[in-house]
Every structure is written in C-alpha cells, then in structure tokens.
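*Asks:* This is entry.txt (compact mmCIF, C-alpha atoms).
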# COMPACT_ATOMS: atom_id res chain seq x y z
CA MET A 1 -374.09 49.46 112.84
CA MET A 2 -373.84 46.35 115.04
CA ALA A 3 -376.61 44.65 113.03
CA THR A 4 -374.75 45.36 109.79
CA VAL A 5 -371.48 43.99 111.20
CA LYS A 6 -373.26 40.89 112.49
CA ARG A 7 -374.89 40.30 109.09
CA VAL A 8 -371.55 40.66 107.29
CA PHE A 9 -369.95 38.22 109.74
CA LEU A 10 -372.69 35.64 109.23
CA LEU A 11 -372.50 35.94 105.44
CA SER A 12 -368.72 35.54 105.59
CA LEU A 13 -369.06 32.49 107.81
CA LEU A 14 -371.62 30.97 105.44
CA TYR A 15 -369.30 31.57 102.48
CA ALA A 16 -366.35 29.98 104.28
CA CYS A 17 -368.40 26.91 105.22
CA THR A 18 -369.55 26.56 101.62
CA LEU A 19 -366.02 26.95 100.26
CA TYR A 20 -364.45 24.25 102.37
CA ALA A 21 -367.27 21.69 102.42
CA SER A 22 -367.00 18.48 100.42
CA SER A 23 -369.61 17.61 97.85
CA ASP A 24 -372.14 15.19 99.27
CA VAL A 25 -371.34 11.55 98.49
CA PRO A 26 -374.38 9.22 98.57
CA ASP A 27 -374.51 6.89 101.56
CA ASP A 28 -374.22 3.78 99.39
CA LEU A 29 -370.92 4.97 97.85
CA LEU A 30 -367.54 4.93 99.58
CA ASP A 31 -365.79 7.99 100.97
CA MET A 32 -362.89 7.17 103.31
CA ASP A 33 -359.31 7.95 104.28
CA LEU A 34 -357.11 5.23 102.81
CA PHE A 35 -353.63 6.41 103.86
CA VAL A 36 -353.33 8.87 106.77
CA GLY A 37 -350.38 11.20 107.30
CA SER A 38 -348.27 10.93 110.48
CA SER A 39 -349.10 7.24 110.94
CA ASP A 40 -347.45 3.85 110.50
CA GLY A 41 -344.00 5.43 110.83
CA TYR A 42 -344.44 7.83 107.90
CA SER A 43 -344.66 11.61 107.79
CA CYS A 44 -347.10 11.54 104.88
CA PHE A 45 -348.36 9.51 101.94
CA ARG A 46 -348.49 10.77 98.38
CA LEU A 47 -348.90 9.89 94.69
CA PRO A 48 -351.57 7.14 94.61
CA ASN A 49 -352.05 4.38 92.06
CA LEU A 50 -355.18 2.20 91.98
CA LEU A 51 -355.22 -1.16 90.19
CA GLN A 52 -358.19 -3.37 89.31
CA MET A 53 -357.10 -6.99 89.47
CA ARG A 54 -358.67 -9.84 87.50
CA ASP A 55 -360.94 -11.11 90.27
CA PRO A 56 -364.05 -8.90 90.59
CA GLY A 57 -363.76 -6.57 93.55
CA HIS A 58 -360.00 -7.05 94.01
CA LEU A 59 -358.34 -3.63 94.20
CA VAL A 60 -354.72 -2.73 94.98
CA ALA A 61 -353.79 0.81 96.09
CA ILE A 62 -350.12 1.81 95.97
CA ALA A 63 -348.60 4.97 97.42
CA GLN A 64 -345.34 6.69 98.23
CA GLY A 65 -344.54 6.76 101.96
CA HIS A 66 -342.33 9.65 103.10
CA LYS A 67 -340.20 8.89 106.14
CA ASP A 68 -338.78 12.31 107.00
CA GLY A 69 -340.88 15.26 105.91
CA CYS A 70 -342.98 15.53 102.77
CA SER A 71 -340.87 17.34 100.19
CA ASP A 72 -340.08 15.90 96.77
CA ASP A 73 -336.65 14.88 98.06
CA GLY A 74 -335.83 12.60 100.98
CA TRP A 75 -336.28 9.08 102.27
CA MET A 76 -339.26 7.35 100.65
CA ASP A 77 -340.70 3.83 100.50
CA ALA A 78 -343.41 2.21 98.37
CA VAL A 79 -346.43 0.86 100.30
CA MET A 80 -349.78 -0.76 99.49
CA ARG A 81 -353.22 -1.76 100.73
CA SER A 82 -355.64 -4.15 99.05
CA SER A 83 -359.35 -4.90 99.04
CA LYS A 84 -361.22 -8.05 98.03
CA ASP A 85 -364.74 -6.56 98.30
CA ASN A 86 -364.62 -3.64 95.88
CA GLY A 87 -363.20 -1.22 98.40
CA ARG A 88 -365.54 -1.84 101.33
CA THR A 89 -362.76 -3.15 103.55
CA TRP A 90 -358.98 -2.90 103.15
CA SER A 91 -355.95 -4.80 104.39
CA ASN A 92 -353.48 -3.19 106.73
CA MET A 93 -350.76 -1.22 105.01
CA SER A 94 -347.80 -3.34 103.91
CA LEU A 95 -344.35 -2.53 102.56
CA ILE A 96 -343.51 -3.07 98.90
CA TYR A 97 -340.03 -1.59 98.75
CA ALA A 98 -337.96 -0.44 101.73
CA ASN A 99 -335.48 2.19 100.66
CA ASP A 100 -332.70 1.31 103.11
CA GLN A 101 -330.35 3.84 101.50
CA HIS A 102 -332.69 6.66 102.55
CA GLN A 103 -332.90 7.86 98.95
CA THR A 104 -335.41 9.95 97.06
CA MET A 105 -337.78 7.75 95.14
CA GLY A 106 -339.86 9.23 92.34
CA THR A 107 -343.51 8.42 91.78
CA PRO A 108 -344.37 4.71 92.06
CA THR A 109 -346.09 3.88 88.76
CA ALA A 110 -347.78 0.51 88.25
CA VAL A 111 -349.64 -1.36 85.54
CA VAL A 112 -351.40 -4.73 85.75
CA ASP A 113 -351.44 -7.27 82.93
CA PRO A 114 -355.11 -8.38 82.72
CA SER A 115 -354.17 -11.64 80.97
CA THR A 116 -351.77 -12.80 83.70
CA ASP A 117 -352.90 -10.74 86.73
CA LYS A 118 -349.28 -9.66 87.20
CA ILE A 119 -348.40 -6.18 88.50
CA PHE A 120 -345.39 -4.27 87.19
CA LEU A 121 -344.25 -1.42 89.46
CA PHE A 122 -341.70 1.18 88.29
CA LEU A 123 -339.68 3.23 90.79
CA CYS A 124 -337.32 6.12 89.96
CA VAL A 125 -334.52 6.34 92.52
CA ASN A 126 -332.99 9.82 92.81
CA PHE A 127 -334.73 10.65 89.50
CA SER A 128 -331.99 8.80 87.64
CA GLN A 129 -332.32 5.04 88.20
CA VAL A 130 -335.26 2.90 87.01
CA LEU A 131 -336.20 -0.12 89.11
CA LEU A 132 -338.95 -2.61 88.21
CA LEU A 133 -340.67 -4.86 90.76
CA THR A 134 -343.34 -7.46 90.01
CA ASN A 135 -346.18 -9.04 91.94
CA GLU A 136 -348.29 -12.11 91.11
CA GLY A 137 -352.02 -11.65 91.61
CA GLY A 138 -351.98 -8.64 93.92
CA GLY A 139 -350.68 -10.46 96.98
CA GLN A 140 -348.19 -9.34 99.59
CA VAL A 141 -345.07 -10.81 97.95
CA TRP A 142 -343.03 -8.66 95.57
CA SER A 143 -339.98 -9.58 93.53
CA ALA A 144 -336.51 -8.17 94.05
CA PRO A 145 -336.00 -4.98 92.00
CA ARG A 146 -334.74 -5.30 88.46
CA ASP A 147 -332.58 -2.41 87.19
CA LEU A 148 -333.75 -1.12 83.79
CA THR A 149 -331.74 2.10 83.81
CA LYS A 150 -329.46 1.20 80.89
CA SER A 151 -332.34 0.39 78.57
CA LEU A 152 -334.77 3.17 79.57
CA VAL A 153 -332.62 6.21 80.47
CA LEU A 154 -331.14 7.73 77.32
CA PRO A 155 -327.85 9.66 77.08
CA GLY A 156 -328.56 13.34 77.61
CA TRP A 157 -331.43 12.79 80.03
CA SER A 158 -330.56 14.46 83.32
CA LYS A 159 -333.70 13.55 85.29
CA ILE A 160 -336.54 11.08 84.79
CA PHE A 161 -340.03 11.02 86.25
CA TYR A 162 -342.63 8.27 85.84
CA GLY A 163 -346.40 8.41 86.12
CA THR A 164 -348.03 9.80 88.00
CA GLN A 165 -351.08 7.57 87.90
CA GLN A 166 -351.11 3.86 87.04
CA GLY A 167 -350.76 2.68 83.46
CA THR A 168 -353.15 0.66 81.35
CA ALA A 169 -353.35 -2.28 78.93
CA LEU A 170 -354.06 -1.28 75.33
CA ASN A 171 -356.05 -3.53 73.01
CA MET A 172 -354.06 -3.75 69.76
CA GLY A 173 -356.41 -6.19 68.02
CA SER A 174 -355.87 -9.79 66.93
CA GLY A 175 -355.38 -10.80 70.56
CA LYS A 176 -352.41 -8.48 71.07
CA GLN A 177 -352.05 -6.10 73.97
CA ARG A 178 -349.59 -3.43 75.06
CA LEU A 179 -348.85 -2.57 78.69
CA ILE A 180 -348.14 1.15 78.84
CA ILE A 181 -347.31 3.83 81.40
CA CYS A 182 -346.51 7.52 81.02
CA ALA A 183 -343.19 9.19 81.87
CA ASN A 184 -341.28 12.42 81.34
CA HIS A 185 -337.70 13.59 81.48
CA HIS A 186 -335.41 16.62 81.61
CA GLY A 187 -332.33 16.95 79.46
CA ASP A 188 -331.53 17.40 75.79
CA ASP A 189 -335.18 16.97 74.76
CA ASN A 190 -337.39 17.86 77.73
CA GLY A 191 -340.80 16.25 77.42
CA ALA A 192 -343.20 13.38 77.97
CA ASN A 193 -342.89 9.87 76.59
CA THR A 194 -344.46 6.48 77.14
CA VAL A 195 -342.83 3.27 78.39
CA TYR A 196 -344.40 0.07 77.10
CA SER A 197 -344.15 -3.70 76.71
CA ASP A 198 -345.62 -5.91 73.98
CA ASP A 199 -344.48 -9.21 75.54
CA HIS A 200 -346.29 -9.23 78.90
CA GLY A 201 -343.54 -7.34 80.70
CA LEU A 202 -340.48 -9.33 79.62
CA THR A 203 -338.97 -6.31 77.87
CA TRP A 204 -339.76 -2.58 77.99
CA LYS A 205 -338.98 0.29 75.63
CA ASN A 206 -339.48 4.04 75.41
CA GLY A 207 -341.89 5.74 73.07
CA GLN A 208 -340.85 8.91 71.25
CA THR A 209 -340.65 12.19 73.14
CA VAL A 210 -343.72 14.34 72.47
CA THR A 211 -342.79 17.62 70.80
CA PRO A 212 -342.74 20.50 71.38
CA GLY A 213 -341.10 19.86 74.72
CA ASN A 214 -341.96 20.84 78.28
CA LEU A 215 -344.76 18.30 78.71
CA GLY A 216 -344.47 16.86 82.19
CA GLU A 217 -346.43 14.38 84.28
CA CYS A 218 -348.86 12.53 82.07
CA SER A 219 -351.23 9.60 81.62
CA VAL A 220 -352.87 7.86 78.66
CA ALA A 221 -356.26 6.44 77.71
CA GLN A 222 -357.48 4.48 74.69
CA THR A 223 -360.52 4.95 72.45
CA ASN A 224 -361.49 3.21 69.22
CA ALA A 225 -359.69 6.01 67.34
CA GLY A 226 -356.34 5.69 69.12
CA VAL A 227 -354.55 6.69 72.31
CA THR A 228 -354.84 10.09 74.02
CA MET A 229 -352.16 11.55 76.30
CA TYR A 230 -353.07 14.12 78.95
CA ALA A 231 -350.09 16.03 80.36
CA ARG A 232 -349.11 18.82 82.67
CA VAL A 233 -347.22 21.57 80.83
CA VAL A 234 -344.06 22.32 82.78
CA TYR A 235 -343.69 25.82 81.36
CA ASP A 236 -345.91 27.83 79.04
CA ASP A 237 -344.11 31.04 78.10
CA SER A 238 -347.06 32.33 76.10
CA THR A 239 -349.29 32.72 79.16
CA ASP A 240 -346.96 32.58 82.17
CA ARG A 241 -349.41 30.24 83.89
CA PRO A 242 -349.75 26.49 84.37
CA ARG A 243 -351.54 24.68 81.58
CA ARG A 244 -352.49 21.20 80.42
CA ALA A 245 -351.95 19.55 77.05
CA LEU A 246 -353.52 16.80 74.98
CA ALA A 247 -351.72 14.73 72.34
CA PHE A 248 -352.93 11.87 70.15
CA SER A 249 -351.39 8.62 68.92
CA SER A 250 -352.39 6.36 66.04
CA ASP A 251 -349.65 3.78 66.72
CA PHE A 252 -350.76 2.61 70.18
CA GLY A 253 -348.80 5.15 72.17
CA HIS A 254 -345.35 5.01 70.57
CA SER A 255 -345.53 8.47 68.98
CA PHE A 256 -347.91 11.38 69.47
CA THR A 257 -348.97 14.57 67.73
CA PRO A 258 -347.55 17.78 69.22
CA GLY A 259 -348.93 18.59 72.66
CA TYR A 260 -352.06 20.71 72.17
CA THR A 261 -352.95 23.25 74.87
CA ALA A 262 -355.50 25.50 73.14
CA ASP A 263 -359.03 25.56 74.51
CA PHE A 264 -358.44 23.13 77.34
CA PRO A 265 -361.10 24.40 79.75
CA GLY A 266 -359.75 27.02 82.08
CA ASN A 267 -356.28 25.43 82.02
CA PRO A 268 -356.78 25.16 85.68
CA GLY A 269 -354.16 27.49 87.07
CA ALA A 270 -353.22 25.20 89.93
CA ASP A 271 -349.80 23.85 88.90
CA SER A 272 -350.33 20.16 89.61
CA GLU A 273 -350.74 16.75 88.04
CA GLY A 274 -354.20 15.66 86.93
CA ALA A 275 -355.79 12.21 86.83
CA PHE A 276 -357.12 11.01 83.47
CA MET A 277 -359.18 8.08 82.20
CA GLU A 278 -361.64 7.00 79.50
CA ILE A 279 -364.69 4.80 80.01
CA ASP A 280 -367.66 4.06 77.75
CA GLY A 281 -366.86 6.83 75.29
CA LYS A 282 -366.20 9.54 77.89
CA PHE A 283 -362.96 11.17 79.05
CA PHE A 284 -362.53 12.17 82.71
CA VAL A 285 -360.02 14.62 84.21
CA GLY A 286 -359.59 15.13 87.96
CA SER A 287 -357.47 18.02 89.21
CA PRO A 288 -357.09 20.93 91.59
CA TRP A 289 -358.89 23.76 89.84
CA GLY A 290 -357.91 27.22 91.06
CA LEU A 291 -357.17 30.66 89.73
CA PRO A 292 -353.62 31.25 88.46
CA HIS A 293 -350.91 30.95 91.13
CA GLU A 294 -353.37 30.46 94.01
CA GLY A 295 -352.07 27.06 94.96
CA ARG A 296 -353.57 23.60 94.81
CA HIS A 297 -357.15 23.38 96.01
CA ASN A 298 -360.71 22.89 94.73
CA TYR A 299 -360.49 19.28 93.47
CA THR A 300 -362.87 19.05 90.51
CA ILE A 301 -363.69 16.37 87.92
CA LEU A 302 -364.51 17.24 84.30
CA VAL A 303 -366.16 14.98 81.72
CA SER A 304 -366.05 15.08 77.91
CA GLU A 305 -367.72 12.93 75.29
CA ALA A 306 -365.16 11.28 73.01
CA VAL A 307 -366.06 12.66 69.56
CA ASN A 308 -364.53 10.42 66.89
CA GLY A 309 -362.11 9.28 69.55
CA ARG A 310 -361.01 12.83 70.38
CA VAL A 311 -361.85 15.10 73.30
CA GLY A 312 -364.97 17.21 72.79
CA THR A 313 -366.67 19.78 75.03
CA TRP A 314 -365.91 19.52 78.74
CA THR A 315 -368.53 19.79 81.48
CA THR A 316 -368.15 19.51 85.24
CA LEU A 317 -369.28 16.32 86.95
CA PRO A 318 -372.08 17.58 89.25
CA THR A 319 -371.03 15.38 92.18
CA ALA A 320 -367.45 16.71 91.99
CA ALA A 321 -367.94 20.42 91.34
CA PRO A 322 -365.86 20.46 93.47
CA LEU A 323 -365.40 17.11 95.18
CA TYR A 324 -363.40 18.99 97.83
CA ALA A 325 -362.73 22.73 97.97
CA GLY A 326 -359.86 22.71 100.45
CA GLN A 327 -356.22 21.88 99.77
CA ALA A 328 -355.96 19.00 97.28
CA GLU A 329 -353.15 17.81 95.03
CA TYR A 330 -352.18 14.65 93.12
CA SER A 331 -354.71 11.95 92.33
CA THR A 332 -355.71 8.90 90.32
CA MET A 333 -358.96 7.49 88.93
CA ALA A 334 -360.05 3.96 88.03
CA VAL A 335 -363.26 2.09 87.17
CA PRO A 336 -363.96 -1.14 89.09
CA THR A 337 -364.89 -4.04 86.83
CA ALA A 338 -367.14 -5.48 89.52
CA GLU A 339 -369.71 -2.74 88.87
CA ASN A 340 -369.23 -0.52 85.85
CA THR A 341 -371.72 2.05 87.11
CA THR A 342 -369.21 3.76 89.43
CA PHE A 343 -365.57 4.81 89.54
CA PHE A 344 -363.00 5.54 92.23
CA VAL A 345 -360.82 8.57 92.75
CA ILE A 346 -357.95 8.69 95.25
CA TYR A 347 -356.66 12.20 95.86
CA GLU A 348 -354.29 14.00 98.22
CA ARG A 349 -356.50 15.96 100.59
CA GLY A 350 -355.58 18.40 103.33
CA ASP A 351 -352.27 19.73 104.58
CA ILE A 352 -350.07 17.00 103.10
CA TYR A 353 -346.74 18.74 103.73
CA ASN A 354 -347.27 19.09 107.47
CA GLY A 355 -348.37 15.51 107.98
CA LYS A 356 -352.04 16.40 108.38
CA GLY A 357 -353.24 15.25 104.98
CA VAL A 358 -354.66 11.96 103.74
CA LEU A 359 -355.08 9.95 100.58
CA ARG A 360 -358.86 9.98 100.30
CA LEU A 361 -360.74 7.24 98.44
CA THR A 362 -364.11 8.35 97.04
CA GLN A 363 -366.53 6.37 94.89
CA LEU A 364 -368.70 8.29 92.43
CA ALA A 365 -371.43 7.35 89.98
CA LEU A 366 -370.58 7.37 86.29
CA PRO A 367 -372.71 9.91 84.42
Starting from the file, lay out its structure as structure tokens.

*Replies:*
Amino acid sequence: MMATVKRVFLLSLLYACTLYASSDVPDDLLDMDLFVGSSDGYSCFRLPNLLQMRDPGHLVAIAQGHKDGCSDDGWMDAVMRSSKDNGRTWSNMSLIYANDQHQTMGTPTAVVDPSTDKIFLFLCVNFSQVLLLTNEGGGQVWSAPRDLTKSLVLPGWSKIFYGTQQGTALNMGSGKQRLIICANHHGDDNGANTVYSDDHGLTWKNGQTVTPGNLGECSVAQTNAGVTMYARVVYDDSTDRPRRALAFSSDFGHSFTPGYTADFPGNPGADSEGAFMEIDGKFFVGSPWGLPHEGRHNYTILVSEAVNGRVGTWTTLPTAAPLYAGQAEYSTMAVPTAENTTFFVIYERGDIYNGKGVLRLTQLALP
C-alpha cells in the first residue's frame, strides 16, 4: 500500500512539474523579465506594446503601470524601456505619461511611422477620452497629449477601448502608407473598428465597425491579398464560451467582412486578448490556451500559412507548445528587422493581480 501511494505521489509531482515548466528557450535567444510587478513604485505592469524603430536593433517597449492594485480600473501611467542592441540590454524604466488625476487609463496602443521614425501613442482615459502623444525617434521625450475625443468618439458610444497590441504601417502601393491600430467600443453598435492615418499622423479617422457586433480587443496584419483582423469575441451566445474571430479587408483596413468564428482552432476557452502578426507569408497567434472557463494560463503560439492571403490550417509552434503553462494573460509579438530569423513575444506571466507577475520578453526562432 505504501509503495502504491509513493508511486502515485511521484507521478503527481512529475505531472505538476511538467505542467508548470516553461518550454526551453535556446541559450542564444533572449528570455528575461522586462517589467516586474511591485517595483519602481507600481503594483503591476500590464498590456505590452513592442515597437521596432528604424535603426536596426532599436526596440521600444511600452506598458501600463498600475499604481494602486491591478484591476482594470484605478490610477495608471504609461511607461517605457528601450534597447539599442536588439533586446540584449535595456534602459531603465521611464515615464511617458503621468496620470496626475489618478484616473483609469485604457490600454496604451502605439504605432511607429517607418518613414519618419515617429511614434504615435493612443491612451483612453476613463474609457471615454482619447489622448494622442508623439515621440521622435524612440527617445525619452514625449509631446504633450493631444485630445482627439471629438473626432474619434462617435455619438452613442458609451465606452472605447484601443489595442491591445501595437499597430502597424500598411503598404498601399505607389509610395503610400497607412498607419493603423485596432480599437473597439460599446454602445449603439458594439464592435471592433480600426483607427488610421494616411498623412503620417497629422489626422486620424475611424474605420467602419465590423458586423455582426461583439468583437472586442483586436489587431491587424497585412498580406498581399489585403488586411486581416484578429479579434476577441466579447460574447458568443451560440456556444456560451469565449471565442476568437477573423475578418478580412480589401480596402486597407477601413471596412471588413463579418467577423468569422467558425473553425478557429479550439477557440481557446481562456477569455483573453491574443497577440497577432504576419511575417513572410505566415500568421502567428499567441494566447492563453485553456479549457472553457478555466482561467488564463498555458500561453501557446499557433502558426498558419497564409493561403491566398487568408488564414489556412493552424499548427502549434513547437517551441511554444506551451511557452509557459502557468498563469499568463495579455501579450504582443513583433519581428526585429535587425535579424528576420527570430521574433519577440512579451506576455503577462505569473500572478499579475497580486503584484507577483512580470512582463516577460522571450525571443523565438521563426519556423
């Protein structure tokens, strides 16, 4: 009897160690804590963006710093760190925007103009006011906020949410480009929409709301066939479980086909945002990947060949199956131009809400 009990205990211990171990990251690739909870005067850090600047190896990481607790409401600032050597070393954390009114600030969502090396950072104050800050070349100096609420928040919208990951620059041909980020809103027409500029950030406008509604946090990627939106579905009455949606645009992200949820692999169950990107004809999705209603854990990255510009069959990236099996939440992904054989993911890892979590930066090989 004792031998049987001992064997069961050892098997259980082995299973637990396997469940909560990270996938092995090769020694020549980066795997580090970039923002650490309960440090630098903040309870926790959340909602990462990662920008590749024009100079090879110059990266800028932006996050939301929570002052008092880690809920979606409360006093929040925007903070950053930067690297000039492709992520090997990073500057100390610095302040982008100090919220001296102790207000809730929605996801910081940034996009960099590759032709000017200028960063545009959107902040949603109390989920109702849109502020835009700019930065020249990824340095420490940021502009005063510019209020774009009147032009970007429509009558009938009760709440607005930007991001969550950074935006991108679309190639429109003939030397034209569009800076674009993803957003969503509650109100008369709940759903996701884009926000974009065709004049290097001088003016910004909303794209059309994707129908049917209830698409939430989203991001976009471009292929030679158009622009793909990947979104969290806020509610899915047909299944009573969290799902993801894909929608497609042939007019550079102004309007999209209806959000399509069928056959997205596993529709991961964990009700959370997912990171999304396209590189060299492949789509990537990074997300917590759990059974329905079991919470946010098991951070996994999926890959799909872009078939005629559309998503094809998804497979799991072997080095991130999972990348981390413990508690994991929001994330972002980006490919460094300095070496197009790898990409970075920054994800919320650990007990974020109790100040014990981190924003973890991991570098992985492109398949």

*Asks:* To one decimal place in Å, what is the distance between CA of Gly74 (chain A) and CA of Ser91 (chain A)?

*Replies:*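 About the pair CA of Gly74 (chain A) and CA of Ser91 (chain A): they are 26.8 Å apart.
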
*Asks:* Show me the residues close to (-370.5, 25.2, 89.2) - anything with an atom within 12 Å, counting all atoms listed in the file - and format the list as an MDAnalysis selection string.

*Replies:* chainID A and resid 23 289 298 300:302 315:323 325

*Asks:* Which distance in Å separates CA of Tyr347 (chain A) and CA of Arg360 (chain A), to one decimal?

*Replies:*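 Here the two named atoms are 5.4 Å from each other.
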
*Asks:* What is the CA of Phe343 (chain A)-CA of Gln165 (chain A) distance in Å, reported with one decimal?

*Replies:*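 Calculated distance between CA of Phe343 (chain A) and CA of Gln165 (chain A) is 14.8 Å.
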
*Asks:* Residues near Gly357 (chain A), anyone? I mean within 12 Å using all atoms listed in the file, not counting same-chain ones fewer than 6 positions away, as a PyMOL selection string.

*Replies:* chain A and resi 33-39+42-46+70+326-330+347-351

*Asks:* Would you kindly return, as number ranges by chain, each protein, DNA or RNA residue with an atom no farther than 10 Å from any atom of Phe284 (chain A), considering only C-alpha atoms and excluding same-chain residues fewer than 2 positions away?

*Replies:* A: 221, 274-279, 282, 286, 301-305, 311, 314-317, 333

*Asks:* Adding 5 Å on each side of the box along x, y and z that holds all listed atoms of region 102-112 of chain A, could you give its centre and edge lengths in Å to one decimal, as JSON?

*Replies:*
{"center_x": -342.0, "center_y": 2.6, "center_z": 94.0, "size_x": 28.7, "size_y": 24.7, "size_z": 27.0}

*Asks:* Using only C-alpha atoms, determine which residues lie at most 7 Å from region 126-132 of chain A, disregarding the query and same-chain residues fewer than 3 positions distant; provide the list as a PDB file with C-alpha atoms, keeping the file's coordinate frame.

*Replies:*
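Contents of out.pdb, freshly written:
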ATOM      1  CA  GLN A 103    -332.900   7.860  98.950  1.00  0.00           C
ATOM      2  CA  THR A 104    -335.410   9.950  97.060  1.00  0.00           C
ATOM      3  CA  MET A 105    -337.780   7.750  95.140  1.00  0.00           C
ATOM      4  CA  GLY A 106    -339.860   9.230  92.340  1.00  0.00           C
ATOM      5  CA  PHE A 120    -345.390  -4.270  87.190  1.00  0.00           C
ATOM      6  CA  LEU A 121    -344.250  -1.420  89.460  1.00  0.00           C
ATOM      7  CA  PHE A 122    -341.700   1.180  88.290  1.00  0.00           C
ATOM      8  CA  LEU A 123    -339.680   3.230  90.790  1.00  0.00           C
ATOM      9  CA  PRO A 145    -336.000  -4.980  92.000  1.00  0.00           C
ATOM     10  CA  ARG A 146    -334.740  -5.300  88.460  1.00  0.00           C
ATOM     11  CA  ASP A 147    -332.580  -2.410  87.190  1.00  0.00           C
ATOM     12  CA  LEU A 148    -333.750  -1.120  83.790  1.00  0.00           C
ATOM     13  CA  THR A 149    -331.740   2.100  83.810  1.00  0.00           C
ATOM     14  CA  LYS A 159    -333.700  13.550  85.290  1.00  0.00           C
ATOM     15  CA  ILE A 160    -336.540  11.080  84.790  1.00  0.00           C
ATOM     16  CA  PHE A 161    -340.030  11.020  86.250  1.00  0.00           C
TER      17      PHE A 161
END

*Asks:* Would you pick out the contacts of region 61-63 of chain A at 10 Å or less, using only C-alpha atoms, so that residues sharing its chain but fewer than 2 positions from it are not included, and give the list as a count of residues only?

*Replies:* 37

*Asks:* With only C-alpha atoms as the atoms that count, which of A:Thr337, A:Glu136, A:Val111, A:Thr332 lies nearest to His58 (chain A)?

*Replies:*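 Of A:Thr337, A:Glu136, A:Val111, A:Thr332, the one nearest His58 (chain A), counting only C-alpha atoms, is A:Thr337.
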
*Asks:* Do a neighbour search on Gly309 (chain A) at 8 Å with all atoms listed in the file, toss out local chain neighbours closer than 5 positions, and write the hits as a count of residues only.

*Replies:* 5

*Asks:* Neighbourhood query: residues within 8 Å of (-351.2, 23.6, 95.9), file coordinates, counting only C-alpha atoms; return as a list in words.

*Replies:* Ala270, Asp271, Ser272, Pro288, Glu294, Gly295, Arg296, His297, Gln327, Ala328 and Glu329 of chain A

*Asks:* Just the selected residues (C-alpha atoms), exported as a short mmCIF file (atom, residue, chain, number, x, y, z; two decimals), in the coordinates of the input, please.

*Replies:*
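The resulting part.cif:
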data_model
loop_
_atom_site.label_atom_id
_atom_site.label_comp_id
_atom_site.auth_asym_id
_atom_site.auth_seq_id
_atom_site.Cartn_x
_atom_site.Cartn_y
_atom_site.Cartn_z
CA ALA A 270 -353.22 25.20 89.93
CA ASP A 271 -349.80 23.85 88.90
CA SER A 272 -350.33 20.16 89.61
CA PRO A 288 -357.09 20.93 91.59
CA GLU A 294 -353.37 30.46 94.01
CA GLY A 295 -352.07 27.06 94.96
CA ARG A 296 -353.57 23.60 94.81
CA HIS A 297 -357.15 23.38 96.01
CA GLN A 327 -356.22 21.88 99.77
CA ALA A 328 -355.96 19.00 97.28
CA GLU A 329 -353.15 17.81 95.03
#

*Asks:* Out of A:Gly187, A:Gly57, A:Gly41, A:Gly156, which residue has the shortest atom-to-atom distance to Ala338 (chain A) when counting only C-alpha atoms?

*Replies:*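 That would be A:Gly57, the residue with the smallest distance to Ala338 (chain A).
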
*Asks:* Rank A:Ser197, A:Ser143, A:Thr261, A:Asn171 by their smallest atom-to-atom distance to Leu215 (chain A), using all atoms listed in the file, and report the top residue only.

*Replies:*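 Smallest separation from Leu215 (chain A) among the options: A:Thr261.
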
*Asks:* Using all atoms listed in the file, which of A:Ala98, A:Ala183, A:Ile119, A:Leu246 sits nearest Asn135 (chain A)?

*Replies:* A:Ile119
